[in-house]
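Single-structure report; data block below.
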Amino acid sequence: MAQNKTQYDFRSTLIDKKIVTTMNNGVIILDSELRIHHYNRWLEIHTHIKEKELLGEKLTDIFGEIKEKTLLRKIRTALRMHTPTYYTANTSHYLIPIKINQIENAHFSYMQQDVSIIPFDEQNKLVALILTDQTNMANTNALLAAYVKKIKELNEQLLKEKELTEIQHKQLLANSRSAAMGEMISMIAHQWRQPLSLITTLLANVKIKKELHTLDEKSMDDSFVKIDNTVKYLSETINDFRDYFKPNKVKLEVKLAELFNKSIFFLKDEMTQYNISYSLDIDDNLSVYTYKNELLQSIINIIKNSIDAFKTNDITEKKIGVTVKTLKHHISIIIEDNAGGIEHEIIEKIFEPYFSTKNKNGTGLGLYMCRVIIVEHLQGEISIESQNNGTKVTINLPKKI
Ligand SMILES: Nc1ncnc2c1ncn2[C@@H]1O[C@H](COP(=O)(O)OP(=O)(O)OP(=O)(O)O)[C@@H](O)[C@H]1O
Ligand SMILES: [Mg+2]
């Protein structure tokens, strides 16, 4: 009987059969022809096949999954070299098919196994195959691979979204610049109206005096000096506006009193027209080290918003007040008006691009631009409060960036 002929006699070795039988691994003792000499209890339990049914049988006749050539080569190497070899059971191959609970294991229906081949009884050319359950490890690996894939996908998606917002951001900035350019042109036109009519009047005077033959040299000289000064003023105005439009590439020591006077210079005609009084409370020597024209642009936008608010609200004593205070590391600029304030429902939206309550008269980019400039370029903060029928804009700027 095959059973008697091949069953391994543990008494002839120092190894206790109990150890092999009760090991928490699969153990098969094979000869170099792949015939089974021992099939331990662990395997009996997992495969529901009894050892006695297998003794003397060729392992590959029982389990068709095994790559016979590979296994034989590994066994021979182990015996020849007196060293363990490994039959790598990768994710699709295993030595012995052992069904596992599918609910527990999302990825595999059969136990994943690592197989070590150990020279066992070299005289009788016997090896021990030790099977280790690697399902958990394989499962973890598969899960990890799935996570890595997911993370990669998310990363790619994130990068795409980032690119998109950068493009949108640039587009918005470009839009706001051209919108501001339009506003600038109307400011130039506004600023030029007075001096141009002055020149026309002076020229008309000279012409009339000449026709009436009353033109003396002195009055002609006087008129020409006035015309000359006014033309100078026109060209200065346009230079100022042009500078205002060139975004500063370098940071400068900016005297805040001068900066406010400059912004008021651009807006004072409109303030006079609407009877708005303006006050500035500042220490003349106060300065910040920052991008000058961008700060100027923001301040003009904020004061312009106050002027606009007075146009729709009939208020008796119209006031715009600016207070500049110095803190330890920051300069705090407060611009206040009594033009009616901002309704509670909309105050959260005013920094959003294109939010405006002025229909055709506003682009809604003014405060958005201020926030981009102050927060992103000047590393400061801007906030708006509405109280007691007025609006209070606070800008905090670092003393130096
Ligand atoms: N001082 C203020 N008083 C009352 N409402 C204000 C004031 N400042 C801003 N707002 C409100 O915030 C909105 C958004 O202002 P923002 O400067 O961004 O755009 P806009 O002034 O409407 O348009 P633009 O600046 O292009 O002329 C305004 O439409 C207005 O409703
Ligand atoms: Mg505005």
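Going by the structure tokens order, chains are called A, B, ..., each with residues numbered from 1, while ligands are numbered from 1 in the order shown.
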
Shell of 9 Å around A:Glu352, only C-alpha atoms, local chain residues under 5 positions omitted, as number ranges by chain = A: 364-365, 367-368

Put those residues in a file: C-alpha atoms, as a PDB file, in the first residue's frame.
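Wrote again.pdb, looks like this:
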```
ATOM      1  CA  GLY A 364     -18.436  95.414  -9.022  1.00  0.00           C
ATOM      2  CA  LEU A 365     -14.701  94.929  -9.325  1.00  0.00           C
ATOM      3  CA  LEU A 367     -13.551  96.125  -3.736  1.00  0.00           C
ATOM      4  CA  TYR A 368     -12.550  92.756  -5.185  1.00  0.00           C
TER       5      TYR A 368
END
```

inquiry  = Give me, as a PyMOL selection string, all polymer residues having an atom no more than 10 Å from A:Ala257, counting only C-alpha atoms and skipping those fewer than 5 positions away in the same chain.
reply    = chain A and resi 262+280-287+324

Resulting file, chosen residues, C-alpha atoms, as a PDB file, in the first residue's frame:
```
ATOM      1  CA  LYS A 262      -2.705 112.524  -4.412  1.00  0.00           C
ATOM      2  CA  LEU A 280      -7.562 113.640   6.931  1.00  0.00           C
ATOM      3  CA  ASP A 281      -6.112 112.877  10.341  1.00  0.00           C
ATOM      4  CA  ILE A 282      -2.549 111.734   9.880  1.00  0.00           C
ATOM      5  CA  ASP A 283       0.953 112.292  11.178  1.00  0.00           C
ATOM      6  CA  ASP A 284       2.745 113.924   8.239  1.00  0.00           C
ATOM      7  CA  ASN A 285       5.843 111.785   8.669  1.00  0.00           C
ATOM      8  CA  LEU A 286       4.068 108.457   8.649  1.00  0.00           C
ATOM      9  CA  SER A 287       5.252 106.126   5.921  1.00  0.00           C
ATOM     10  CA  VAL A 324      -4.272 106.872   9.909  1.00  0.00           C
TER      11      VAL A 324
END
```

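Using only C-alpha atoms, the protein and nucleic acid residues lying no more than 10 Å from A:Ile395, apart from those fewer than 5 places from it along its own chain, are A:Ile299, A:Val324, A:His330, A:Ile331, A:Ser332, A:Ile333, A:Ile334, A:Ile335, A:Cys370, A:Arg371, A:Ile374, A:Val375, A:Gly380, A:Glu381, A:Ile382, A:Ser383, A:Ile384.
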
Would you mind exporting the chosen residues as a tab-separated table (two decimals), in the first residue's frame, restricted to C-alpha atoms?
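Final file, again-v5.tsv:
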```tsv
chain	number	residue	atom	x	y	z
A	299	ILE	CA	-7.66	104.07	-1.66
A	324	VAL	CA	-4.27	106.87	9.91
A	330	HIS	CA	1.15	97.79	11.41
A	331	ILE	CA	-0.31	100.97	10.02
A	332	SER	CA	-4.05	101.17	10.36
A	333	ILE	CA	-6.02	103.21	7.79
A	334	ILE	CA	-9.68	103.94	8.52
A	335	ILE	CA	-11.90	105.49	5.84
A	370	CYS	CA	-8.81	96.19	-3.30
A	371	ARG	CA	-8.87	92.88	-1.50
A	374	ILE	CA	-4.17	94.56	-0.08
A	375	VAL	CA	-4.23	90.93	0.97
A	380	GLY	CA	-2.34	93.37	4.71
A	381	GLU	CA	-5.98	93.03	5.73
A	382	ILE	CA	-9.14	94.83	4.71
A	383	SER	CA	-12.54	94.79	6.38
A	384	ILE	CA	-15.77	96.76	6.05
```

Kindly compile the residues surrounding ligand 1 within 7 Å, counting only C-alpha atoms and all ligand atoms, and format them as a compact mmCIF listing (two decimals) with C-alpha atoms, in the first residue's frame.
```txt
# COMPACT_ATOMS: atom_id res chain seq x y z
CA ASN A 301 -11.59 102.89 -5.12
CA ILE A 302 -12.71 103.07 -1.50
CA ASN A 305 -17.39 104.21 -3.32
CA SER A 306 -18.21 106.74 -0.55
CA ALA A 309 -23.02 106.39 -2.06
CA ASP A 337 -18.42 108.07 5.50
CA ALA A 339 -23.52 108.04 3.27
CA GLY A 340 -26.16 105.63 4.60
CA GLY A 341 -24.16 102.44 5.07
CA ILE A 342 -24.45 99.03 3.48
CA ILE A 350 -19.28 93.17 -1.57
CA PHE A 351 -15.79 91.70 -1.96
CA PRO A 353 -16.04 90.02 -8.16
CA PHE A 355 -21.05 92.30 -7.17
CA SER A 356 -22.51 95.77 -7.58
CA THR A 357 -25.72 97.56 -6.63
CA LYS A 358 -25.06 100.33 -9.15
CA ASN A 361 -22.67 102.52 -13.24
CA GLY A 362 -20.59 99.91 -11.45
CA THR A 363 -18.57 96.90 -12.51
CA GLY A 364 -18.44 95.41 -9.02
CA LEU A 365 -14.70 94.93 -9.33
CA GLY A 366 -13.58 97.83 -7.12
CA LEU A 367 -13.55 96.12 -3.74
CA TYR A 368 -12.55 92.76 -5.18
CA GLY A 390 -22.30 105.02 7.56
CA THR A 391 -19.55 102.79 6.27
```

DSSP on the backbone: which residues in stretch 123-201 of chain A end up as helix (DSSP H, G or I)? Give the answer as a tab-separated table (two decimals) with N, CA and C atoms, in the first residue's frame.
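Result file result23.tsv:
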```tsv
chain	number	residue	atom	x	y	z
A	135	THR	N	-2.68	36.14	2.80
A	135	THR	CA	-3.86	36.84	2.27
A	135	THR	C	-4.00	38.26	2.83
A	136	ASN	N	-3.80	38.36	4.16
A	136	ASN	CA	-3.96	39.69	4.77
A	136	ASN	C	-2.97	40.68	4.19
A	137	MET	N	-1.73	40.22	4.05
A	137	MET	CA	-0.69	41.08	3.50
A	137	MET	C	-1.04	41.46	2.06
A	138	ALA	N	-1.46	40.44	1.28
A	138	ALA	CA	-1.80	40.70	-0.12
A	138	ALA	C	-2.98	41.65	-0.21
A	139	ASN	N	-3.93	41.42	0.72
A	139	ASN	CA	-5.11	42.28	0.77
A	139	ASN	C	-4.72	43.72	1.07
A	140	THR	N	-3.86	43.88	2.07
A	140	THR	CA	-3.40	45.23	2.43
A	140	THR	C	-2.70	45.87	1.25
A	141	ASN	N	-1.85	45.07	0.59
A	141	ASN	CA	-1.15	45.60	-0.59
A	141	ASN	C	-2.12	46.06	-1.66
A	142	ALA	N	-3.14	45.20	-1.90
A	142	ALA	CA	-4.11	45.55	-2.94
A	142	ALA	C	-4.86	46.82	-2.56
A	143	LEU	N	-5.22	46.89	-1.26
A	143	LEU	CA	-5.93	48.09	-0.78
A	143	LEU	C	-5.06	49.33	-0.93
A	144	LEU	N	-3.80	49.16	-0.54
A	144	LEU	CA	-2.85	50.29	-0.64
A	144	LEU	C	-2.73	50.74	-2.09
A	145	ALA	N	-2.60	49.77	-2.99
A	145	ALA	CA	-2.47	50.11	-4.42
A	145	ALA	C	-3.70	50.89	-4.88
A	146	ALA	N	-4.87	50.43	-4.40
A	146	ALA	CA	-6.10	51.13	-4.79
A	146	ALA	C	-6.11	52.56	-4.24
A	147	TYR	N	-5.65	52.70	-2.98
A	147	TYR	CA	-5.59	54.04	-2.38
A	147	TYR	C	-4.62	54.94	-3.12
A	148	VAL	N	-3.44	54.37	-3.44
A	148	VAL	CA	-2.43	55.16	-4.13
A	148	VAL	C	-3.00	55.66	-5.46
A	149	LYS	N	-3.71	54.74	-6.14
A	149	LYS	CA	-4.31	55.11	-7.43
A	149	LYS	C	-5.30	56.27	-7.23
A	150	LYS	N	-6.14	56.12	-6.21
A	150	LYS	CA	-7.16	57.13	-5.92
A	150	LYS	C	-6.50	58.48	-5.60
A	151	ILE	N	-5.45	58.42	-4.77
A	151	ILE	CA	-4.76	59.65	-4.37
A	151	ILE	C	-4.16	60.34	-5.60
A	152	LYS	N	-3.57	59.50	-6.48
A	152	LYS	CA	-3.00	60.06	-7.72
A	152	LYS	C	-4.07	60.77	-8.53
A	153	GLU	N	-5.21	60.10	-8.66
A	153	GLU	CA	-6.31	60.70	-9.43
A	153	GLU	C	-6.75	62.02	-8.82
A	154	LEU	N	-6.90	62.00	-7.47
A	154	LEU	CA	-7.33	63.22	-6.77
A	154	LEU	C	-6.33	64.35	-6.96
A	155	ASN	N	-5.04	63.96	-6.88
A	155	ASN	CA	-3.98	64.94	-7.08
A	155	ASN	C	-4.05	65.59	-8.45
A	156	GLU	N	-4.25	64.71	-9.46
A	156	GLU	CA	-4.34	65.24	-10.82
A	156	GLU	C	-5.52	66.19	-10.96
A	157	GLN	N	-6.64	65.78	-10.36
A	157	GLN	CA	-7.85	66.61	-10.41
A	157	GLN	C	-7.60	67.97	-9.75
A	158	LEU	N	-6.91	67.90	-8.60
A	158	LEU	CA	-6.59	69.10	-7.85
A	158	LEU	C	-5.72	70.05	-8.66
A	159	LEU	N	-4.71	69.45	-9.32
A	159	LEU	CA	-3.81	70.26	-10.14
A	159	LEU	C	-4.57	70.95	-11.25
A	160	LYS	N	-5.48	70.17	-11.88
A	160	LYS	CA	-6.28	70.74	-12.97
A	160	LYS	C	-7.11	71.91	-12.46
A	161	GLU	N	-7.75	71.68	-11.29
A	161	GLU	CA	-8.60	72.74	-10.73
A	161	GLU	C	-7.77	73.98	-10.38
A	162	LYS	N	-6.56	73.72	-9.86
A	162	LYS	CA	-5.68	74.83	-9.49
A	162	LYS	C	-5.34	75.66	-10.73
A	163	GLU	N	-4.96	74.92	-11.80
A	163	GLU	CA	-4.64	75.60	-13.06
A	163	GLU	C	-5.80	76.48	-13.50
A	164	LEU	N	-7.01	75.89	-13.40
A	164	LEU	CA	-8.20	76.59	-13.85
A	164	LEU	C	-8.43	77.86	-13.04
A	165	THR	N	-8.32	77.74	-11.70
A	165	THR	CA	-8.57	78.94	-10.90
A	165	THR	C	-7.49	79.99	-11.16
A	166	GLU	N	-6.26	79.54	-11.43
A	166	GLU	CA	-5.22	80.52	-11.73
A	166	GLU	C	-5.55	81.29	-13.01
A	167	ILE	N	-6.05	80.54	-14.00
A	167	ILE	CA	-6.42	81.19	-15.26
A	167	ILE	C	-7.56	82.17	-15.01
A	168	GLN	N	-8.57	81.70	-14.25
A	168	GLN	CA	-9.72	82.57	-13.97
A	168	GLN	C	-9.30	83.82	-13.21
A	169	HIS	N	-8.37	83.60	-12.28
A	169	HIS	CA	-7.88	84.69	-11.46
A	169	HIS	C	-7.19	85.74	-12.33
A	170	LYS	N	-6.31	85.27	-13.23
A	170	LYS	CA	-5.60	86.18	-14.12
A	170	LYS	C	-6.60	86.94	-14.99
A	171	GLN	N	-7.60	86.19	-15.49
A	171	GLN	CA	-8.61	86.80	-16.35
A	171	GLN	C	-9.34	87.91	-15.60
A	172	LEU	N	-9.70	87.61	-14.35
A	172	LEU	CA	-10.41	88.60	-13.55
A	172	LEU	C	-9.56	89.84	-13.30
A	173	LEU	N	-8.29	89.58	-13.02
A	173	LEU	CA	-7.41	90.73	-12.80
A	173	LEU	C	-7.29	91.58	-14.06
A	174	ALA	N	-7.18	90.86	-15.22
A	174	ALA	CA	-7.09	91.58	-16.48
A	174	ALA	C	-8.37	92.39	-16.70
A	175	ASN	N	-9.52	91.74	-16.43
A	175	ASN	CA	-10.80	92.44	-16.59
A	175	ASN	C	-10.87	93.66	-15.69
A	176	SER	N	-10.44	93.46	-14.43
A	176	SER	CA	-10.58	94.57	-13.50
A	176	SER	C	-9.65	95.70	-13.90
A	177	ARG	N	-8.48	95.32	-14.47
A	177	ARG	CA	-7.58	96.36	-14.93
A	177	ARG	C	-8.20	97.17	-16.08
A	178	SER	N	-8.82	96.45	-17.03
A	178	SER	CA	-9.36	97.22	-18.14
A	178	SER	C	-10.59	98.02	-17.71
A	179	ALA	N	-11.31	97.47	-16.72
A	179	ALA	CA	-12.44	98.24	-16.20
A	179	ALA	C	-11.92	99.51	-15.52
A	180	ALA	N	-10.84	99.36	-14.74
A	180	ALA	CA	-10.25	100.52	-14.07
A	180	ALA	C	-9.69	101.50	-15.09
A	181	MET	N	-9.16	100.96	-16.18
A	181	MET	CA	-8.64	101.81	-17.25
A	181	MET	C	-9.75	102.71	-17.80
A	182	GLY	N	-10.93	102.11	-17.99
A	182	GLY	CA	-12.07	102.89	-18.47
A	182	GLY	C	-12.40	104.00	-17.49
A	183	GLU	N	-12.39	103.63	-16.21
A	183	GLU	CA	-12.69	104.61	-15.17
A	183	GLU	C	-11.66	105.73	-15.17
A	184	MET	N	-10.41	105.31	-15.37
A	184	MET	CA	-9.31	106.27	-15.40
A	184	MET	C	-9.49	107.28	-16.51
A	185	ILE	N	-9.91	106.78	-17.69
A	185	ILE	CA	-10.09	107.68	-18.83
A	185	ILE	C	-11.18	108.71	-18.52
A	186	SER	N	-12.26	108.23	-17.86
A	186	SER	CA	-13.29	109.22	-17.54
A	186	SER	C	-12.80	110.19	-16.47
A	187	MET	N	-11.92	109.73	-15.60
A	187	MET	CA	-11.34	110.64	-14.59
A	187	MET	C	-10.45	111.69	-15.27
A	188	ILE	N	-9.68	111.23	-16.25
A	188	ILE	CA	-8.82	112.18	-16.98
A	188	ILE	C	-9.70	113.22	-17.67
A	189	ALA	N	-10.74	112.74	-18.34
A	189	ALA	CA	-11.64	113.65	-19.04
A	189	ALA	C	-12.23	114.67	-18.06
A	190	HIS	N	-12.61	114.14	-16.88
A	190	HIS	CA	-13.19	114.99	-15.85
A	190	HIS	C	-12.19	116.04	-15.38
A	191	GLN	N	-11.00	115.56	-15.12
A	191	GLN	CA	-9.91	116.40	-14.63
A	191	GLN	C	-9.50	117.48	-15.66
A	192	TRP	N	-9.70	117.16	-16.91
A	192	TRP	CA	-9.28	118.07	-17.99
A	192	TRP	C	-10.34	119.13	-18.34
A	193	ARG	N	-11.57	118.87	-17.94
A	193	ARG	CA	-12.66	119.74	-18.38
A	193	ARG	C	-12.40	121.20	-17.97
A	194	GLN	N	-12.07	121.40	-16.71
A	194	GLN	CA	-11.81	122.75	-16.19
A	194	GLN	C	-10.68	123.46	-16.91
A	195	PRO	N	-9.47	122.87	-16.91
A	195	PRO	CA	-8.35	123.55	-17.57
A	195	PRO	C	-8.58	123.79	-19.06
A	196	LEU	N	-9.25	122.86	-19.74
A	196	LEU	CA	-9.50	123.07	-21.17
A	196	LEU	C	-10.39	124.27	-21.41
A	197	SER	N	-11.42	124.40	-20.58
A	197	SER	CA	-12.31	125.55	-20.79
A	197	SER	C	-11.60	126.85	-20.42
A	198	LEU	N	-10.66	126.76	-19.47
A	198	LEU	CA	-9.85	127.93	-19.12
A	198	LEU	C	-9.02	128.37	-20.34
A	199	ILE	N	-8.38	127.40	-20.99
A	199	ILE	CA	-7.56	127.73	-22.18
A	199	ILE	C	-8.44	128.37	-23.27
A	200	THR	N	-9.61	127.74	-23.52
A	200	THR	CA	-10.51	128.29	-24.54
A	200	THR	C	-10.89	129.74	-24.21
A	201	THR	N	-11.22	130.00	-22.94
A	201	THR	CA	-11.58	131.36	-22.52
A	201	THR	C	-10.43	132.34	-22.74
```

task = Using only C-alpha atoms and all ligand atoms, find the one residue out of A:Ile130, A:Ile300, A:Ile320, A:Ile66 that sits nearest to ligand 2.
result =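 Under the stated criterion, the closest residue is A:Ile300.
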
request  = For each of A:Asp221, A:Glu211, A:Glu270, A:Asp308, take the minimum atom-to-atom distance to ligand 2, counting only C-alpha atoms and all ligand atoms, then give the residue where this is smallest.
outcome  =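 Of A:Asp221, A:Glu211, A:Glu270, A:Asp308, the one nearest ligand 2, counting only C-alpha atoms and all ligand atoms, is A:Asp308.
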
ask   = So how far away is atom CA of A:Met220 from atom CA of A:Lys207, in Å?
value =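 Calculated distance between atom CA of A:Lys207 and atom CA of A:Met220 is 10.0 Å.
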
Env of A:Tyr291: 12 Å cut, atoms = only C-alpha atoms, seq-sep filter 6 positions within chain, self excluded. Answer as a compact mmCIF listing (two decimals) with C-alpha atoms, in the first residue's frame.
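Writing done, so here's part-v2.txt:
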```txt
# COMPACT_ATOMS: atom_id res chain seq x y z
CA TYR A 244 -0.98 105.21 -11.45
CA LYS A 246 1.89 101.20 -14.21
CA PRO A 247 1.89 98.58 -11.50
CA ASN A 248 4.93 99.25 -9.32
CA LYS A 249 7.55 96.58 -9.67
CA VAL A 250 9.60 97.98 -6.81
CA LYS A 251 8.65 98.66 -3.25
CA LEU A 252 9.12 102.21 -2.02
CA GLU A 253 9.05 104.20 1.17
CA VAL A 254 5.58 105.73 0.75
CA LYS A 255 4.66 108.86 2.67
CA LEU A 256 1.01 108.26 3.51
CA LEU A 259 -0.47 109.40 -1.01
CA GLN A 297 -5.46 102.53 -6.56
CA SER A 298 -7.16 100.83 -3.58
CA ILE A 373 -4.13 94.09 -3.85
CA ILE A 374 -4.17 94.56 -0.08
CA GLU A 376 -2.20 89.27 -1.76
CA HIS A 377 0.20 91.98 -2.91
CA LEU A 378 0.58 94.17 0.15
CA GLN A 379 0.24 91.39 2.76
CA GLY A 380 -2.34 93.37 4.71
CA LEU A 397 -0.77 97.21 6.45
CA PRO A 398 2.53 95.84 7.63
CA LYS A 399 5.01 98.70 8.09
CA LYS A 400 7.37 96.96 5.77
CA ILE A 401 6.97 94.17 3.21
```

message = As an exercise, work out the distance from atom 1 (Mg, counted along the ligand's line) of ligand 2 to atom CA of A:Asn338 in Å and give it to one decimal place.
response =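 Pair atom 1 (Mg, counted along the ligand's line) of ligand 2 / atom CA of A:Asn338 returns 16.3 Å.
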
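The residue that comes closest to ligand 2, out of A:Ser116, A:Asn359, A:Lys50, A:Ser235 and on the basis of only C-alpha atoms and all ligand atoms, is A:Asn359.
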
ask   = In Å to one decimal, how far is atom CA of A:Arg80 from atom CA of A:Glu122?
value = 8.9 Å

task = Select from stretch 174-328 of chain A everything DSSP, run on the backbone, classes as strand (DSSP E), then give the selection as a ChimeraX atom specification.
result = /A:252-255,276-281,287-290,318-326

For C-alpha atoms, I'd like the residues from the last selection saved as a PDB file, in the first residue's frame.
```
ATOM      1  CA  LEU A 252       9.119 102.208  -2.016  1.00  0.00           C
ATOM      2  CA  GLU A 253       9.046 104.200   1.168  1.00  0.00           C
ATOM      3  CA  VAL A 254       5.580 105.731   0.752  1.00  0.00           C
ATOM      4  CA  LYS A 255       4.658 108.856   2.675  1.00  0.00           C
ATOM      5  CA  ILE A 276     -18.814 116.520   0.376  1.00  0.00           C
ATOM      6  CA  SER A 277     -16.378 117.594   3.077  1.00  0.00           C
ATOM      7  CA  TYR A 278     -13.205 115.641   3.505  1.00  0.00           C
ATOM      8  CA  SER A 279     -10.896 115.372   6.508  1.00  0.00           C
ATOM      9  CA  LEU A 280      -7.562 113.640   6.931  1.00  0.00           C
ATOM     10  CA  ASP A 281      -6.112 112.877  10.341  1.00  0.00           C
ATOM     11  CA  SER A 287       5.252 106.126   5.921  1.00  0.00           C
ATOM     12  CA  VAL A 288       5.066 102.483   4.844  1.00  0.00           C
ATOM     13  CA  TYR A 289       7.429 100.487   2.687  1.00  0.00           C
ATOM     14  CA  THR A 290       5.196  99.001   0.015  1.00  0.00           C
ATOM     15  CA  LYS A 318     -21.830 114.806   3.730  1.00  0.00           C
ATOM     16  CA  LYS A 319     -18.533 113.736   5.263  1.00  0.00           C
ATOM     17  CA  ILE A 320     -15.662 111.489   4.354  1.00  0.00           C
ATOM     18  CA  GLY A 321     -12.998 111.110   7.032  1.00  0.00           C
ATOM     19  CA  VAL A 322      -9.668 109.348   6.931  1.00  0.00           C
ATOM     20  CA  THR A 323      -7.699 108.462  10.061  1.00  0.00           C
ATOM     21  CA  VAL A 324      -4.272 106.872   9.909  1.00  0.00           C
ATOM     22  CA  LYS A 325      -2.824 105.352  13.062  1.00  0.00           C
ATOM     23  CA  THR A 326       0.433 103.616  13.707  1.00  0.00           C
TER      24      THR A 326
END
```

request  = Name all residues at most 10 Å from A:Ile36 (count only C-alpha atoms; drop same-chain ones fewer than 3 positions away) and give them as a list in words.
outcome  = Gln3, Thr6, Gln7, Tyr8, Ile28, Ile29, Leu30, Asp31, Ser32, Glu33, Tyr39, Glu51, Leu54, Leu55, Gly56, Glu57, Lys58, Leu59, Thr60 and Leu126 of chain A
